[in-house]
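Comments concern the structure below.
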Amino acid sequence: MSSSATVPNSQSQSQWELQLDNPSQRVALVLGDNDFTTVTDTVTALALRRTPPAWYVAFAVSLSLLSILIVTVGYLLTTGVGVWGNNNTVSWGFPIINFVFWVGIGHAGTLISAILFLLRQNWRTGINRFAEAMTIFAVCCAGLFPGIHVGRLWLAYWLVPYPNELGMWPQARSPLLWDVFAVGTYATVSLLFWYMGMIPDLATLRDRAKGRFAQMAYGVFSLGWNGSSRHWLRFEKAYLLLAALATPLVLSVHSVVSFDFATSQVPGWHTTIFPPYFVAGAVFGGFAMVLVLSIPAREWFGLKDLITHRHIENMAKVMLGTGMIVAYAYSVEFFTAWYSQHHYEQFVFLNRPLGPYWWAFWIMVFCNVVAPQAIWFTWVRQRVWVLFVIAVFVNIGMWFERFVIVVTSLHRDFLPSSWAMFTPTWVDLGMLIGSFGLFFTLFLLFCRFLPMVAMAEVKTVMPQAQAHADEHSGLADYQPSPDTPRELRRGHWFT
Amino acid sequence: MSTQTTTAAQRPYALLAEFDTVAEVMHAAEKVRDAGYMIWDVHSPMPIHGINAAMGLRPTILSWITLAHGLAGAAFGLLLTWWMNATSLPGLSSSVQGYQFLISGKPIYSLPANIPIIFETTVLFAAIGTLLGMLGLNKLPMLYNPLNKSRRFLRATADRFFIVIEADDKMFELQATREFLQTLRPTAIETVTED
């Protein structure tokens, strides 16, 4: 971190003019003439101001997309799963594609909040809240699809093990039940982590709010938080513990999702590379979604000093790195198919680029492998809107990746007599579009009413937070301090 | 320096000293610690690194709570999967009885196939235990606190730092403690009353 004397003003210079040649010195994480007061003002004003007209416009658009979802799900439930394009051969059409797509998106949020925390990447503080919110909303969208895919949503509670008069229990050795536990745990833990991190910021909003209702609402959810250092001690420990729990959890979730495919015998699915390949793909697609959300948001909400160019560039680099893992996984799949000398496996991998769904395969390759290569160039990384376009490509590509995995593997399996083509119906497309409506509706509500940036966390990485720059310079973010030496411990209180 | 007037009927709850910067409040906290106060606290908008030693706080037992919940979750997952698919005790009501699921001639119970569920319940229990443990140890939710009456204290969650010495402390004497706080060079001192 550069010294406070050289904290630059983002208004006058671009991040790139500020980038120092010496890599051991980095551009500050919070730019501009900001202190604790201005950071608090900037973020709380976004939640406490009058609703801007543009928000209503955006909300109306998302609600109309959401209404498509409600209508199509209603039609599905009253009519039956025949309204989808799924058929006997391609029995896992759009619902599972959308499920894997959305649950993958969520992974970037947990990566930022947990894994980057454990790796002491302090730059995550600016985008953390944002990305975690994205995780929760993406998991909401994801959870919907397996629920309606069971066909009779009103019996979806059969997925849960509970004593019942039918004497019936779920099958604990099935990856589909693993999925129930993995996604259920992931949704719960993500929500807890997000909420816990938000408690101090909700308290700030409570103390800043002018209206009685806002004071009450933020007051209830901030649980009486008042910034006590005794509380912070346990809060930071809890944050560390939750990060340590969420890290293996997030890796397990997409691994389990990939087991849904990998434990089957379908050529193209039955591969051991699936778990790491899925996890890398999830992080790749998730970071693309964080970029798609944060690039416009920092512009519209005036958060350029908090979500700086450095944040955007770092995210682009993570996207490039995970994108390269995904590209490697694609090529290894082809190599393995060739090397296995397995007739069916080889056919699937010829059928993907050259068969009837060749266009889906090549969209996937272009969006996921070719497009991100531009990020190698400084010129591209300097231009956030070019990164935005690449991130949109990656999102499209990751959806098509799941389309390729599900549809091209299923539509031509062992017996040519059972081959069939898959065509999505208007209900399929409506649900895909509608799920974006659900996602953006939830996200807009979050942007309107909740602290969009983790204020307390950002303050810990500002130079003003360091009492002794020399002694504690290694600690920032919510990293717990070392335990107090015995001779200094005095408090009677139970800690 | 502003002082809130206190009538004899209003019992003091605490003395509040306001500081502008992290370094000032850290050094002040060290002096409060060395003066021997016990029931006192530092309030800040974000965690201050090094404040635990400056205040003399003990390490938290939260990690053990997490461990206990995690182990309970693992035991729950293990028993759940085993009971569901590998037991069938005669004499029990069919609604609680397990069902011996025979799949593809595989063993009725084998640990590896059940690890995913055991892992997830471990994490789920541990995470819930961590959050509830943190809130419980912090005595949250706290519906009311006399400090909320201070207008000045509203900035504790935004941009100011406070040392609060409670009247319950054995060493607390309104005048003497106020004079002691005065020596720490705060920007303001305020008496907060009960009720």
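Identifiers in the structure tokens: chain A, B, ... in order shown; residue index from 1 per chain; ligand index from 1 in order shown.
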* Asked: Near range 365-372 of chain A, counting only C-alpha atoms, which residues have an atom at most 8 Å away, once you skip same-chain residues fewer than 2 positions from it, shown as a PyMOL selection string?
  -> chain A and resi 319-320+323-324+326-327+361-363+374-375+390+393-394+396-398
* In range 15-126 of chain B, DSSP strand (DSSP E) residues written as a PyMOL selection string -> chain B and resi 15-19+40-43
Pull C-alpha atoms from the residues just selected and write them as an mmCIF file, in the first residue's frame.
data_model
loop_
_atom_site.group_PDB
_atom_site.id
_atom_site.type_symbol
_atom_site.label_atom_id
_atom_site.label_comp_id
_atom_site.auth_asym_id
_atom_site.auth_seq_id
_atom_site.Cartn_x
_atom_site.Cartn_y
_atom_site.Cartn_z
ATOM 1 C CA LEU B 15 -18.514 7.546 31.205
ATOM 2 C CA LEU B 16 -17.851 7.953 27.553
ATOM 3 C CA ALA B 17 -14.689 9.439 26.049
ATOM 4 C CA GLU B 18 -14.493 10.243 22.366
ATOM 5 C CA PHE B 19 -11.339 10.008 20.238
ATOM 6 C CA TRP B 40 -14.979 -1.101 30.122
ATOM 7 C CA ASP B 41 -14.855 -1.231 26.367
ATOM 8 C CA VAL B 42 -13.577 0.411 23.214
ATOM 9 C CA HIS B 43 -16.154 1.065 20.518
#
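Among the candidates A:Leu415, A:Ala58, A:Ile148, A:Ala244, the residue lying nearest to chain B is A:Ala244 (atoms considered: only C-alpha atoms).
Nearest to chain B of all the residues A:Arg448, A:Arg298, A:His342, A:Arg206 is A:Arg206, counting only C-alpha atoms.
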* Find the residue from B:Leu89, B:Leu174, B:Leu71, B:Met26 that sits nearest to chain A; use only C-alpha atoms when measuring. => B:Met26
* Could you pull the residues within 8 Å of Tyr99 in chain B, counting only C-alpha atoms, minus those fewer than 4 positions along the same chain, as an NGL selection string? -> (:A and (167-169)) or (:B and (83-88))
Same residues, C-alpha atoms, saved as an mmCIF file, in the first residue's frame:
data_model
loop_
_atom_site.group_PDB
_atom_site.id
_atom_site.type_symbol
_atom_site.label_atom_id
_atom_site.label_comp_id
_atom_site.auth_asym_id
_atom_site.auth_seq_id
_atom_site.Cartn_x
_atom_site.Cartn_y
_atom_site.Cartn_z
ATOM 1 C CA GLY A 167 -41.655 -45.889 5.537
ATOM 2 C CA MET A 168 -39.646 -44.182 2.787
ATOM 3 C CA TRP A 169 -36.163 -42.683 3.082
ATOM 4 C CA TRP B 83 -30.062 -45.336 9.858
ATOM 5 C CA MET B 84 -31.845 -44.423 6.639
ATOM 6 C CA ASN B 85 -30.282 -46.942 4.316
ATOM 7 C CA ALA B 86 -28.623 -49.653 6.362
ATOM 8 C CA THR B 87 -30.831 -50.538 9.318
ATOM 9 C CA SER B 88 -34.127 -52.203 9.789
#
* To do: Compile the contact shell of Val30 in chain A as a PyMOL selection string: residues with an atom at most 7 Å away, counting only C-alpha atoms, same-chain residues fewer than 2 positions apart removed.
  => chain A and resi 28+32+305-306+462
* **Gap from CA of Gln182 in chain B to CA of Asp169 in chain B - Å, one decimal** => 17.9 Å
* Asked: For Ala476 in chain A, which of B:Ile48, B:Ala23, B:Gln10, B:Gly129 is the closest residue, counting only C-alpha atoms?
  ->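 Checking each candidate against Ala476 in chain A, we get B:Ile48 as the closest.
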* **Counting only C-alpha atoms, the residue of A:Val150, A:Leu69, A:Val290, A:Met315 that sits nearest Gly434 in chain A** =>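 The answer is A:Leu69, which sits nearest to Gly434 in chain A.
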* Using only C-alpha atoms, find the one residue out of B:Pro90, B:Pro116, B:Pro107, B:Gly133 that sits nearest to His69 in chain B. => B:Gly133
* Just the helix (DSSP H, G or I) stuff from range 12-156 of chain B, please, per backbone DSSP, written as a PyMOL selection string. => chain B and resi 22-35+51-55+62-86+111-137+146-149+152-156
* Using only C-alpha atoms, which residues sit within 6 Å of range 123-140 of chain A once same-chain residues fewer than 6 positions away are excluded, as a list in words? ->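 Those residues are Trp102, Val103, Gly106, Gly109, Ser113, Leu306, Ile307, Phe439, Val453, Ala454, Glu457 and Val458 of chain A.
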* **Point-to-point distance from CA of Gly285 in chain A to CA of Val406 in chain A, Å rounded to tenths** => 17.3 Å
* Structure fact -> Here CA of Leu77 in chain A and CA of Asn395 in chain A stand apart by 28.7 Å
